[in-house]
file final_4.cif (mmCIF, C-alpha atoms)
data_start
#
loop_
_atom_site.label_atom_id
_atom_site.label_comp_id
_atom_site.auth_asym_id
_atom_site.auth_seq_id
_atom_site.Cartn_x
_atom_site.Cartn_y
_atom_site.Cartn_z
CA MET A 1 18.12 -43.26 -14.94
CA SER A 2 20.00 -40.72 -17.02
CA THR A 3 16.68 -39.40 -18.29
CA THR A 4 15.62 -38.70 -14.72
CA LEU A 5 18.89 -36.93 -13.96
CA ASP A 6 18.69 -34.82 -17.13
CA THR A 7 15.10 -33.76 -16.56
CA PRO A 8 15.10 -30.04 -15.64
CA MET A 9 13.41 -29.23 -12.36
CA PRO A 10 10.54 -26.80 -12.80
CA THR A 11 10.41 -23.95 -10.30
CA ALA A 12 7.32 -23.08 -8.31
CA VAL A 13 6.10 -19.62 -9.31
CA SER A 14 3.61 -17.95 -7.02
CA GLY A 15 0.79 -15.88 -8.46
CA PRO A 16 0.20 -12.23 -7.61
CA THR A 17 -1.29 -11.30 -4.26
CA SER A 18 -4.85 -9.99 -4.34
CA THR A 19 -3.50 -6.46 -3.75
CA GLU A 20 -1.05 -6.74 -6.66
CA PHE A 21 -3.79 -8.10 -8.90
CA ALA A 22 -6.18 -5.31 -7.89
CA GLN A 23 -3.48 -2.69 -8.54
CA GLY A 24 -2.86 -4.20 -11.96
CA PHE A 25 -6.57 -4.22 -12.77
CA ILE A 26 -6.92 -0.61 -11.64
CA GLY A 27 -3.83 0.34 -13.67
CA PHE A 28 -5.38 -0.86 -16.94
CA VAL A 29 -8.63 1.00 -16.22
CA LEU A 30 -7.00 4.17 -14.88
CA LEU A 31 -4.58 4.62 -17.80
CA ALA A 32 -7.51 4.63 -20.21
CA ALA A 33 -9.53 6.81 -17.82
CA CYS A 34 -6.72 9.41 -17.73
CA ALA A 35 -6.56 9.34 -21.52
CA SER A 36 -10.34 9.68 -21.84
CA LEU A 37 -10.18 13.07 -20.09
CA GLY A 38 -8.53 14.41 -23.23
CA ALA A 39 -11.24 13.13 -25.58
CA GLY A 40 -13.38 16.24 -25.16
CA ASP A 41 -16.53 14.23 -25.86
CA VAL A 42 -18.40 12.42 -23.11
CA SER A 43 -19.47 9.47 -25.24
CA VAL A 44 -15.95 8.92 -26.62
CA ALA A 45 -14.50 9.30 -23.11
CA THR A 46 -16.96 6.77 -21.69
CA ARG A 47 -16.23 4.25 -24.42
CA THR A 48 -12.47 4.76 -23.95
CA LEU A 49 -12.65 3.72 -20.27
CA PRO A 50 -12.66 -0.07 -20.77
CA THR A 51 -10.18 -0.13 -23.68
CA GLY A 52 -7.06 -0.74 -21.58
CA LEU A 53 -8.64 -3.66 -19.80
CA LEU A 54 -10.13 -4.93 -23.03
CA VAL A 55 -6.72 -5.12 -24.73
CA GLY A 56 -4.67 -6.29 -21.72
CA GLY A 57 -7.18 -8.69 -20.24
CA GLY A 58 -8.41 -9.81 -23.64
CA ALA A 59 -4.92 -10.70 -24.87
CA LEU A 60 -4.31 -12.70 -21.68
CA ALA A 61 -7.70 -14.47 -21.76
CA LEU A 62 -7.43 -15.37 -25.45
CA THR A 63 -3.81 -16.55 -25.50
CA GLY A 64 -3.17 -17.88 -21.99
CA PRO A 65 -5.19 -21.10 -22.35
CA THR A 66 -3.53 -21.77 -25.72
CA LEU A 67 -0.09 -21.50 -24.13
CA ILE A 68 -0.99 -23.83 -21.28
CA ALA A 69 -2.62 -26.38 -23.57
CA MET A 70 0.25 -26.43 -26.07
CA HIS A 71 2.78 -26.57 -23.26
CA GLN A 72 1.18 -29.70 -21.85
CA PHE A 73 0.76 -31.18 -25.34
CA LEU A 74 4.50 -30.82 -25.94
CA GLY A 75 5.22 -32.54 -22.62
CA LEU A 76 7.33 -29.71 -21.18
CA ASN A 77 8.25 -29.34 -17.52
CA ALA A 78 6.20 -26.64 -15.83
CA THR A 79 2.84 -27.48 -14.31
CA PRO A 80 -0.32 -25.72 -15.58
CA ASP A 81 -0.63 -24.06 -12.15
CA ALA A 82 2.84 -22.55 -12.42
CA LEU A 83 2.16 -21.32 -15.97
CA ALA A 84 -1.14 -19.76 -14.93
CA ALA A 85 0.55 -18.11 -11.94
CA SER A 86 3.26 -16.69 -14.24
CA LEU A 87 0.65 -15.31 -16.65
CA LEU A 88 -1.34 -13.71 -13.83
CA ARG A 89 1.81 -12.17 -12.38
CA GLY A 90 2.59 -10.80 -15.83
CA PHE A 91 -0.91 -9.31 -16.09
CA ALA A 92 -0.66 -7.70 -12.64
CA THR A 93 2.83 -6.32 -13.29
CA THR A 94 1.80 -4.89 -16.67
CA GLY A 95 -1.20 -3.20 -15.05
CA ARG A 96 0.99 -1.81 -12.26
CA ALA A 97 3.36 -0.41 -14.89
CA ALA A 98 0.34 1.22 -16.54
CA LEU A 99 -0.61 2.69 -13.15
CA GLY A 100 2.77 4.43 -12.90
CA LEU A 101 2.30 5.87 -16.38
CA CYS A 102 -1.00 7.54 -15.41
CA PRO A 103 0.51 10.91 -14.33
CA ALA A 104 2.27 11.23 -17.70
CA MET A 105 -0.96 10.25 -19.49
CA LEU A 106 -2.88 12.82 -17.46
CA LEU A 107 -0.39 15.54 -18.44
CA PHE A 108 -0.91 14.85 -22.14
CA ALA A 109 -4.69 14.50 -21.80
CA ALA A 110 -4.94 17.82 -19.96
CA THR A 111 -2.53 19.87 -22.04
CA SER A 112 -2.59 18.50 -25.58
CA GLY A 113 -4.68 16.81 -28.22
CA LEU A 114 -2.36 13.80 -28.19
CA TRP A 115 -4.38 11.62 -25.80
CA ALA A 116 -4.99 8.84 -28.32
CA PRO A 117 -1.44 8.37 -29.72
CA VAL A 118 0.08 8.79 -26.24
CA LEU A 119 -2.35 6.17 -24.86
CA LEU A 120 -1.20 3.82 -27.61
CA LEU A 121 2.47 4.59 -26.93
CA LEU A 122 2.28 4.26 -23.15
CA GLY A 123 0.09 1.17 -23.43
CA GLY A 124 2.67 -0.27 -25.81
CA ILE A 125 5.51 0.49 -23.37
CA ALA A 126 3.66 -1.13 -20.46
CA GLY A 127 2.63 -4.07 -22.64
CA GLY A 128 6.10 -4.65 -24.08
CA LEU A 129 7.88 -4.55 -20.73
CA GLY A 130 5.06 -6.57 -19.14
CA PHE A 131 5.45 -9.24 -21.79
CA GLN A 132 9.20 -9.33 -21.16
CA TYR A 133 8.47 -9.83 -17.45
CA THR A 134 5.93 -12.58 -18.18
CA PHE A 135 8.41 -14.38 -20.43
CA ARG A 136 10.99 -14.44 -17.63
CA ARG A 137 8.47 -15.80 -15.12
CA LEU A 138 7.45 -18.50 -17.62
CA ALA A 139 11.10 -19.45 -18.14
CA GLU A 140 11.50 -19.54 -14.36
CA ALA A 141 8.49 -21.84 -14.07
CA GLU A 142 9.92 -24.09 -16.75
CA GLY A 143 13.22 -24.53 -14.89
CA ARG A 144 15.78 -25.21 -17.63
CA PRO A 145 14.06 -24.06 -20.83
CA SER A 146 14.48 -26.43 -23.80
CA ALA A 147 14.47 -25.66 -27.53
CA ALA A 148 10.83 -26.77 -27.70
CA PHE A 149 9.97 -24.32 -24.92
CA ALA A 150 11.77 -21.51 -26.74
CA MET A 151 9.85 -22.29 -29.94
CA LEU A 152 6.57 -22.44 -28.05
CA ILE A 153 7.21 -19.08 -26.38
CA THR A 154 8.27 -17.47 -29.67
CA GLY A 155 5.09 -18.66 -31.35
CA TRP A 156 3.01 -17.56 -28.40
CA ALA A 157 4.66 -14.12 -28.42
CA GLY A 158 3.64 -13.72 -32.07
CA LEU A 159 0.10 -14.78 -31.24
CA VAL A 160 -0.09 -12.33 -28.31
CA ALA A 161 1.21 -9.50 -30.51
CA MET A 162 -1.30 -10.20 -33.29
CA ILE A 163 -4.24 -10.60 -30.93
CA ALA A 164 -3.27 -7.48 -28.96
CA LEU A 165 -3.08 -5.55 -32.26
CA ARG A 166 -6.47 -6.89 -33.34
CA LEU A 167 -7.99 -5.97 -29.96
CA THR A 168 -6.38 -2.51 -30.08
CA ILE A 169 -7.96 -1.85 -33.47
CA ASP A 170 -11.34 -3.09 -32.19
CA ALA A 171 -11.00 -1.01 -29.01
CA ALA A 172 -10.09 2.11 -31.01
CA ARG A 173 -13.10 1.61 -33.31
CA PHE A 174 -15.34 1.09 -30.28
CA ALA A 175 -13.97 4.21 -28.57
CA VAL A 176 -14.52 6.52 -31.54
CA GLY A 177 -17.90 4.93 -32.18
CA GLY A 178 -17.00 3.54 -35.60
CA MET B 1 27.99 11.02 3.65
CA ARG B 2 27.71 14.76 4.44
CA PRO B 3 29.52 16.75 1.73
CA SER B 4 29.54 20.54 1.74
CA THR B 5 27.53 22.29 -0.96
CA ILE B 6 30.66 23.06 -2.98
CA SER B 7 32.00 19.52 -2.81
CA LEU B 8 28.51 18.21 -3.60
CA ALA B 9 28.46 20.35 -6.75
CA ALA B 10 31.90 19.01 -7.68
CA THR B 11 30.79 15.41 -7.12
CA LEU B 12 27.65 16.04 -9.16
CA LEU B 13 29.84 16.93 -12.11
CA ARG B 14 32.56 14.34 -11.61
CA ASP B 15 30.78 11.20 -10.43
CA PRO B 16 27.09 11.70 -9.51
CA ALA B 17 26.46 7.93 -9.30
CA SER B 18 28.74 7.80 -6.25
CA LEU B 19 26.09 9.81 -4.37
CA LEU B 20 23.32 7.26 -4.96
CA PRO B 21 24.18 5.08 -1.92
CA ALA B 22 23.16 8.08 0.23
CA ALA B 23 19.56 7.03 -0.48
CA ASP B 24 20.05 4.04 1.82
CA ASP B 25 20.87 6.24 4.80
CA ARG B 26 18.13 8.60 6.00
CA GLU B 27 20.56 11.21 7.40
CA SER B 28 22.72 11.34 4.27
CA PHE B 29 19.59 11.56 2.14
CA ALA B 30 18.25 14.42 4.24
CA HIS B 31 21.61 16.18 3.97
CA ILE B 32 22.19 15.77 0.23
CA THR B 33 18.71 16.08 -1.34
CA PRO B 34 17.84 19.67 -0.33
CA ARG B 35 21.34 20.84 -1.24
CA ALA B 36 21.16 19.16 -4.63
CA LEU B 37 17.70 20.66 -5.16
CA GLY B 38 19.09 24.09 -4.27
CA ILE B 39 22.04 23.70 -6.62
CA GLY B 40 19.72 22.54 -9.38
CA ALA B 41 17.24 25.38 -8.85
CA VAL B 42 19.91 28.09 -8.84
CA ALA B 43 21.75 26.66 -11.83
CA ALA B 44 18.50 26.17 -13.78
CA ALA B 45 17.50 29.74 -12.99
CA LEU B 46 20.84 30.92 -14.42
CA VAL B 47 20.26 28.91 -17.58
CA GLY B 48 16.72 30.33 -17.81
CA ALA B 49 18.00 33.88 -17.38
CA THR B 50 20.55 33.29 -20.13
CA VAL B 51 17.88 31.98 -22.49
CA GLY B 52 15.58 34.84 -21.52
CA SER B 53 18.30 37.32 -22.46
CA TYR B 54 17.43 36.72 -26.14
CA TYR B 55 14.34 38.90 -25.55
CA GLY B 56 15.65 40.72 -22.49
CA GLY B 57 13.78 42.63 -19.78
CA PRO B 58 10.99 40.71 -18.07
CA GLN B 59 11.69 37.55 -20.06
CA ILE B 60 15.00 37.13 -18.18
CA VAL B 61 13.10 36.83 -14.89
CA ALA B 62 10.24 34.79 -16.41
CA ALA B 63 12.54 32.18 -17.97
CA ALA B 64 14.67 32.07 -14.80
CA VAL B 65 11.57 31.12 -12.81
CA LYS B 66 10.10 28.75 -15.41
CA LEU B 67 13.14 26.60 -16.19
CA PRO B 68 13.48 25.17 -12.64
CA LEU B 69 9.71 24.56 -12.73
CA LEU B 70 10.08 22.69 -16.02
CA LEU B 71 12.73 20.34 -14.65
CA GLY B 72 10.95 19.82 -11.31
CA ALA B 73 7.53 19.17 -12.86
CA THR B 74 9.04 16.64 -15.25
CA LEU B 75 10.48 14.71 -12.30
CA ILE B 76 7.18 14.72 -10.40
CA VAL B 77 5.18 13.47 -13.38
CA ALA B 78 7.66 10.93 -14.77
CA LEU B 79 9.24 9.30 -11.70
CA PRO B 80 6.18 7.14 -10.86
CA ALA B 81 6.46 5.74 -14.39
CA VAL B 82 10.15 4.93 -13.91
CA LYS B 83 9.36 3.16 -10.64
CA THR B 84 6.62 0.94 -12.03
CA LEU B 85 8.52 0.23 -15.24
CA ALA B 86 11.43 -0.94 -13.06
CA GLU B 87 9.06 -3.39 -11.39
CA THR B 88 8.75 -5.20 -14.72
CA GLY B 89 12.47 -5.94 -14.27
CA GLY B 90 11.67 -7.82 -11.08
CA VAL B 91 13.03 -5.13 -8.74
CA ASP B 92 11.37 -2.69 -6.40
CA VAL B 93 13.46 0.50 -6.51
CA PRO B 94 12.85 2.44 -3.28
CA TRP B 95 11.27 5.87 -3.74
CA ARG B 96 14.18 7.50 -1.91
CA ARG B 97 16.74 6.08 -4.33
CA LEU B 98 14.67 7.03 -7.36
CA ALA B 99 13.95 10.54 -6.06
CA LEU B 100 17.63 11.09 -5.25
CA ALA B 101 18.67 9.90 -8.71
CA GLY B 102 16.12 12.24 -10.28
CA VAL B 103 17.18 15.23 -8.20
CA LEU B 104 20.88 14.57 -8.83
CA GLY B 105 20.18 14.17 -12.55
CA VAL B 106 18.29 17.45 -12.71
CA ALA B 107 20.97 19.25 -10.68
CA ARG B 108 23.67 17.90 -12.98
CA THR B 109 21.74 18.94 -16.10
CA ALA B 110 21.28 22.42 -14.67
CA LEU B 111 24.95 22.72 -13.65
CA LEU B 112 26.15 21.68 -17.11
CA GLY B 113 23.63 24.07 -18.63
CA ALA B 114 24.87 26.88 -16.41
CA ALA B 115 28.44 26.06 -17.45
CA ALA B 116 27.34 26.46 -21.07
CA GLY B 117 25.57 29.72 -20.15
CA PRO B 118 28.30 32.16 -21.21
CA LEU B 119 28.52 30.47 -24.59
CA MET B 120 24.74 30.67 -24.99
CA TRP B 121 24.74 34.32 -23.94
CA LEU B 122 27.48 35.10 -26.45
CA PHE B 123 25.49 33.33 -29.17
CA TYR B 124 22.27 35.21 -28.33
CA SER B 125 24.15 38.51 -28.17
CA LEU B 126 25.06 38.06 -31.84
CA GLY B 127 21.36 38.37 -32.73
CA PRO B 128 20.67 34.97 -34.31
CA SER B 129 17.28 34.27 -35.88
CA TYR B 130 14.47 33.17 -33.60
CA ARG B 131 14.39 29.63 -34.98
CA LEU B 132 18.13 29.21 -34.57
CA SER B 133 17.87 30.47 -30.98
CA VAL B 134 15.17 27.90 -30.18
CA LEU B 135 17.22 25.14 -31.79
CA ALA B 136 20.29 26.17 -29.77
CA PHE B 137 18.26 26.02 -26.54
CA VAL B 138 16.84 22.59 -27.38
CA ALA B 139 20.27 21.28 -28.39
CA MET B 140 21.73 22.53 -25.10
CA LEU B 141 18.98 20.76 -23.16
CA LEU B 142 19.56 17.54 -25.10
CA VAL B 143 23.33 17.59 -24.60
CA THR B 144 23.15 18.39 -20.89
CA GLY B 145 20.08 16.21 -20.22
CA ALA B 146 21.35 12.96 -21.71
CA PRO B 147 23.79 12.26 -18.83
CA ALA B 148 20.95 12.90 -16.36
CA LEU B 149 18.81 10.27 -18.06
CA MET B 150 21.71 7.84 -17.73
CA LEU B 151 21.93 8.62 -14.02
CA VAL B 152 18.27 7.73 -13.52
CA GLY B 153 19.05 4.48 -15.36
CA LYS B 154 21.87 3.83 -12.90
CA ALA B 155 19.37 3.99 -10.04
CA LEU B 156 18.11 0.61 -11.25
CA PRO B 157 19.96 -2.17 -9.42
CA ALA B 158 22.40 -4.25 -11.49
CA ARG B 159 20.22 -7.33 -10.99
CA THR B 160 17.32 -5.69 -12.86
CA GLU B 161 16.16 -8.00 -15.64
CA GLY B 162 15.88 -6.25 -19.01
CA ARG B 163 17.66 -3.18 -17.63
CA PHE B 164 18.39 -1.73 -21.09
CA ALA B 165 14.77 -1.93 -22.28
CA ILE B 166 13.48 -0.47 -19.02
CA GLY B 167 16.07 2.33 -19.17
CA LEU B 168 15.10 3.09 -22.75
CA ALA B 169 11.37 3.14 -21.94
CA SER B 170 11.97 5.35 -18.90
CA ALA B 171 14.07 7.76 -20.98
CA ALA B 172 11.28 7.90 -23.59
CA VAL B 173 8.67 8.77 -20.93
CA LEU B 174 10.94 11.38 -19.31
CA GLY B 175 11.72 12.92 -22.71
CA LEU B 176 8.05 13.09 -23.76
CA VAL B 177 6.99 14.59 -20.44
CA LEU B 178 9.82 17.15 -20.58
CA ALA B 179 8.84 18.14 -24.14
CA GLN B 180 5.15 18.59 -23.34
CA THR B 181 5.79 20.36 -20.01
CA GLY B 182 8.17 22.70 -21.84
CA PHE B 183 5.44 23.37 -24.40
CA VAL B 184 2.94 24.17 -21.63
CA LEU B 185 5.36 26.57 -19.92
CA ARG B 186 6.51 28.26 -23.13
CA PRO B 187 7.89 30.72 -24.14
CA PHE B 188 11.47 30.32 -22.93
CA VAL B 189 13.03 31.86 -26.01
CA HIS B 190 10.69 34.78 -26.73
CA ARG B 191 10.24 36.30 -30.19
CA THR B 192 11.79 39.74 -30.16
CA ASP B 193 9.15 41.22 -32.51
CA ARG B 194 6.23 40.36 -30.22
CA GLU B 195 4.86 41.80 -26.99
CA PHE B 196 6.03 40.10 -23.80
CA ALA B 197 3.84 37.23 -22.62
CA LEU B 198 4.49 35.09 -19.55
CA PHE B 199 2.67 32.09 -21.06
CA ARG B 200 1.29 31.37 -24.50
CA PRO B 201 -2.26 30.10 -25.10
CA MET B 202 -2.69 26.32 -24.98
CA GLU B 203 -3.24 25.68 -28.72
CA GLY B 204 -1.77 22.47 -30.04
CA ASP B 205 1.00 20.46 -28.45
CA PHE B 206 4.73 19.93 -28.79
CA ALA B 207 4.22 17.53 -31.71
CA ASP B 208 2.46 20.28 -33.68
CA ALA B 209 5.32 22.62 -32.82
CA VAL B 210 7.93 20.11 -33.99
CA GLY B 211 5.96 19.51 -37.20
CA THR B 212 5.53 23.20 -37.96
CA THR B 213 9.18 23.99 -37.23
CA THR B 214 10.38 21.05 -39.31
CA LYS B 215 8.20 22.06 -42.28
CA SER B 216 9.40 25.61 -41.94
CA VAL B 217 13.07 24.61 -41.82
CA VAL B 218 12.79 22.03 -44.63
CA THR B 219 10.65 24.06 -47.03
CA GLY B 220 11.88 27.47 -45.96
CA ASP B 221 8.21 28.48 -45.86
CA ARG B 222 8.24 31.22 -43.26
CA GLY B 223 4.64 32.16 -44.12
CA ARG B 224 3.34 28.85 -42.84
CA TYR B 225 5.54 29.22 -39.75
CA GLU B 226 4.61 32.77 -38.93
CA SER B 227 0.90 32.28 -39.59
CA SER B 228 0.73 29.34 -37.18
CA ASP B 229 -1.17 30.16 -33.99
CA LEU B 230 1.46 28.18 -32.14
CA TYR B 231 4.12 30.75 -32.89
CA ARG B 232 2.33 33.98 -32.29
CA GLY B 233 4.35 35.51 -29.53
CA GLY B 234 7.15 32.99 -29.66
CA GLU B 235 8.17 29.68 -28.14
#

call {"tool": "encode", "arguments": {"input": "final_4.cif", "output": "structure tokens"}}
result
Amino acid sequence: MSTTLDTPMPTAVSGPTSTEFAQGFIGFVLLAACASLGAGDVSVATRTLPTGLLVGGGALALTGPTLIAMHQFLGLNATPDALAASLLRGFATTGRAALGLCPAMLLFAATSGLWAPVLLLLGGIAGGLGFQYTFRRLAEAEGRPSAAFAMLITGWAGLVAMIALRLTIDAARFAVGG
Amino acid sequence: MRPSTISLAATLLRDPASLLPAADDRESFAHITPRALGIGAVAAALVGATVGSYYGGPQIVAAAVKLPLLLGATLIVALPAVKTLAETGGVDVPWRRLALAGVLGVARTALLGAAAGPLMWLFYSLGPSYRLSVLAFVAMLLVTGAPALMLVGKALPARTEGRFAIGLASAAVLGLVLAQTGFVLRPFVHRTDREFALFRPMEGDFADAVGTTTKSVVTGDRGRYESSDLYRGGE
């Protein structure tokens, strides 16, 4: 009986609306598109276009299933649906943050040669804050996060960071044609 | 909330955050925003004129026109970023509140800069070197601009999750945009040994300028500094 009483109640987390998801998707593409205007080379600019989506979407696609599987394996509270909804909300919010950074990216692409480092910086800002947002939604889905949940999320955060870094390097090589 | 222009200027200096609730009321917003914009534009023009006095003549007018443009353009480019970054904190900050915070921040920066104007003028009248004059201008912008950045941070509701990180990221974006916009609109401090130029060619970017200036200051290598295309005609 006490086990039942002590069991934290997971919270239902709704996923993003289709509009929010579309805005997020557009944000990833548009940030890279704004940056590509500064490339000064059509082939580099064209190859830069998908890089934002490649890193953001790729990191989510490669690490999301791992999180859900490990979460269920450890017998934690949140349902797979709620975890998936939290991850998708995180993706949409990160993309929307990237959308707001587009005017700043455009300024640097149009007036300087800093399009590549600024794309990395602004992408990092959107990604970092987006991850923070995702973490909070996951904790919300979990209800009362346990030590096992905290360890799982910490490990997952490391995995996301390493995979995002790997994808960023691949995307950069692809963009410059290396 | 319908303060007169004078009392608005006083509130801007004493407690600008107390004006933020005006964003929730359309009439107060419509009363305060244009006045704050006016105060900011006039004060920024005074700061620009002071900075332009290092070269004198047409540069006084040019810098007086360009400095309000610099602050206004920075707001227009960076505020969408602040809004969407705030969304990662789980809050939707209304455009009116964000715009008011930005305008109040700019007006406060300009007012503080104008207050420092006589000191700047005195400094420039002593004929300091060009590099020192640029550094003094940048330092003045940093000192007067930091409170404005904090005001934009205060526009985020207290319930914002990760408020510090979002504030820091927003400040970084605002700072970068201000630096690059300033580079595009240069020169503000004009070299006295060069012909007057309203704008400099678009070579390089502010990072190149910072690098060249730093190398010049650290190594004392004026040759490298003066031969740089970035500095022909002044910053």

call {"tool": "interface_residues", "arguments": {"input": "final_4.cif", "of": "chain A", "to": "chain B", "cutoff": "6 Å", "atoms": "all atoms listed in the file", "output": "PyMOL selection string"}}
result
chain A and resi 97+100-101+103-104+112+130+133

call {"tool": "write_last_selection", "arguments": {"input": "final_4.cif", "atoms": "C-alpha atoms", "output": "short mmCIF file (atom, residue, chain, number, x, y, z; two decimals), keeping the file's coordinate frame"}}
result
data_model
loop_
_atom_site.label_atom_id
_atom_site.label_comp_id
_atom_site.auth_asym_id
_atom_site.auth_seq_id
_atom_site.Cartn_x
_atom_site.Cartn_y
_atom_site.Cartn_z
CA ALA A 97 3.36 -0.41 -14.89
CA GLY A 100 2.77 4.43 -12.90
CA LEU A 101 2.30 5.87 -16.38
CA PRO A 103 0.51 10.91 -14.33
CA ALA A 104 2.27 11.23 -17.70
CA SER A 112 -2.59 18.50 -25.58
CA GLY A 130 5.06 -6.57 -19.14
CA TYR A 133 8.47 -9.83 -17.45
#

call {"tool": "residues_around", "arguments": {"input": "final_4.cif", "residues": "A:Ala69", "least_positions_apart": "6", "cutoff": "12 Å", "atoms": "all atoms listed in the file", "output": "JSON, numbers by chain"}}
result
{"A": [63, 75, 76, 78, 79, 80, 81, 83, 84, 152, 156]}

call {"tool": "residues_around", "arguments": {"input": "final_4.cif", "residues": "stretch 2-19 of chain B", "least_positions_apart": "3", "cutoff": "10 Å", "atoms": "all atoms listed in the file", "output": "JSON list (two decimals) with C-alpha atoms, in the coordinates of the input"}}
result
[["chain", "number", "residue", "atom", "x", "y", "z"],
["B", 22, "ALA", "CA", 23.16, 8.08, 0.23],
["B", 23, "ALA", "CA", 19.56, 7.03, -0.48],
["B", 27, "GLU", "CA", 20.56, 11.21, 7.40],
["B", 28, "SER", "CA", 22.72, 11.34, 4.27],
["B", 29, "PHE", "CA", 19.59, 11.56, 2.14],
["B", 30, "ALA", "CA", 18.25, 14.42, 4.24],
["B", 31, "HIS", "CA", 21.61, 16.18, 3.97],
["B", 32, "ILE", "CA", 22.19, 15.77, 0.23],
["B", 35, "ARG", "CA", 21.34, 20.84, -1.24],
["B", 36, "ALA", "CA", 21.16, 19.16, -4.63],
["B", 38, "GLY", "CA", 19.09, 24.09, -4.27],
["B", 39, "ILE", "CA", 22.04, 23.70, -6.62],
["B", 40, "GLY", "CA", 19.72, 22.54, -9.38],
["B", 100, "LEU", "CA", 17.63, 11.09, -5.25],
["B", 101, "ALA", "CA", 18.67, 9.90, -8.71],
["B", 104, "LEU", "CA", 20.88, 14.57, -8.83],
["B", 105, "GLY", "CA", 20.18, 14.17, -12.55],
["B", 107, "ALA", "CA", 20.97, 19.25, -10.68],
["B", 108, "ARG", "CA", 23.67, 17.90, -12.98],
["B", 109, "THR", "CA", 21.74, 18.94, -16.10],
["B", 111, "LEU", "CA", 24.95, 22.72, -13.65],
["B", 112, "LEU", "CA", 26.15, 21.68, -17.11],
["B", 147, "PRO", "CA", 23.79, 12.26, -18.83],
["B", 148, "ALA", "CA", 20.95, 12.90, -16.36],
["B", 150, "MET", "CA", 21.71, 7.84, -17.73],
["B", 151, "LEU", "CA", 21.93, 8.62, -14.02],
["B", 152, "VAL", "CA", 18.27, 7.73, -13.52],
["B", 154, "LYS", "CA", 21.87, 3.83, -12.90],
["B", 155, "ALA", "CA", 19.37, 3.99, -10.04]]

call {"tool": "residues_around", "arguments": {"input": "final_4.cif", "residues": "A:Gly124", "least_positions_apart": "5", "cutoff": "10 Å", "atoms": "all atoms listed in the file", "output": "count of residues only"}}
result
6

call {"tool": "residues_around", "arguments": {"input": "final_4.cif", "residues": "A:Gly90", "least_positions_apart": "2", "cutoff": "12 Å", "atoms": "only C-alpha atoms", "output": "PyMOL selection string"}}
result
(chain A and resi 13-16+20-21+24-25+56-57+59-60+64+83-88+92-97+126-138) or (chain B and resi 87-90)

call {"tool": "atom_distance", "arguments": {"input": "final_4.cif", "atom1": "atom CA of B:Ala43", "atom2": "atom CA of B:Val134"}}
result
19.5 Å

call {"tool": "atom_distance", "arguments": {"input": "final_4.cif", "atom1": "atom CA of B:Ala63", "atom2": "atom CA of B:Ala197"}}
result
11.1 Å

call {"tool": "resolve_selection", "arguments": {"input": "final_4.cif", "expression": "the PyMOL selection byres ((chain A and resi 38) around 7)", "output": "list in words"}}
result
Ala35, Ser36, Leu37, Ala39, Gly40, Ala109, Ala110, Gly113 and Trp115 of chain A

call {"tool": "resolve_selection", "arguments": {"input": "final_4.cif", "expression": "the PyMOL selection byres ((chain B and resi 140) around 12)", "output": "list of chain:residue names"}}
result
B:Val47, B:Gly48, B:Thr50, B:Val51, B:Thr109, B:Ala110, B:Leu111, B:Leu112, B:Gly113, B:Ala114, B:Ala115, B:Ala116, B:Gly117, B:Leu119, B:Met120, B:Ser133, B:Val134, B:Leu135, B:Ala136, B:Phe137, B:Val138, B:Ala139, B:Leu141, B:Leu142, B:Val143, B:Thr144, B:Gly145, B:Ala146
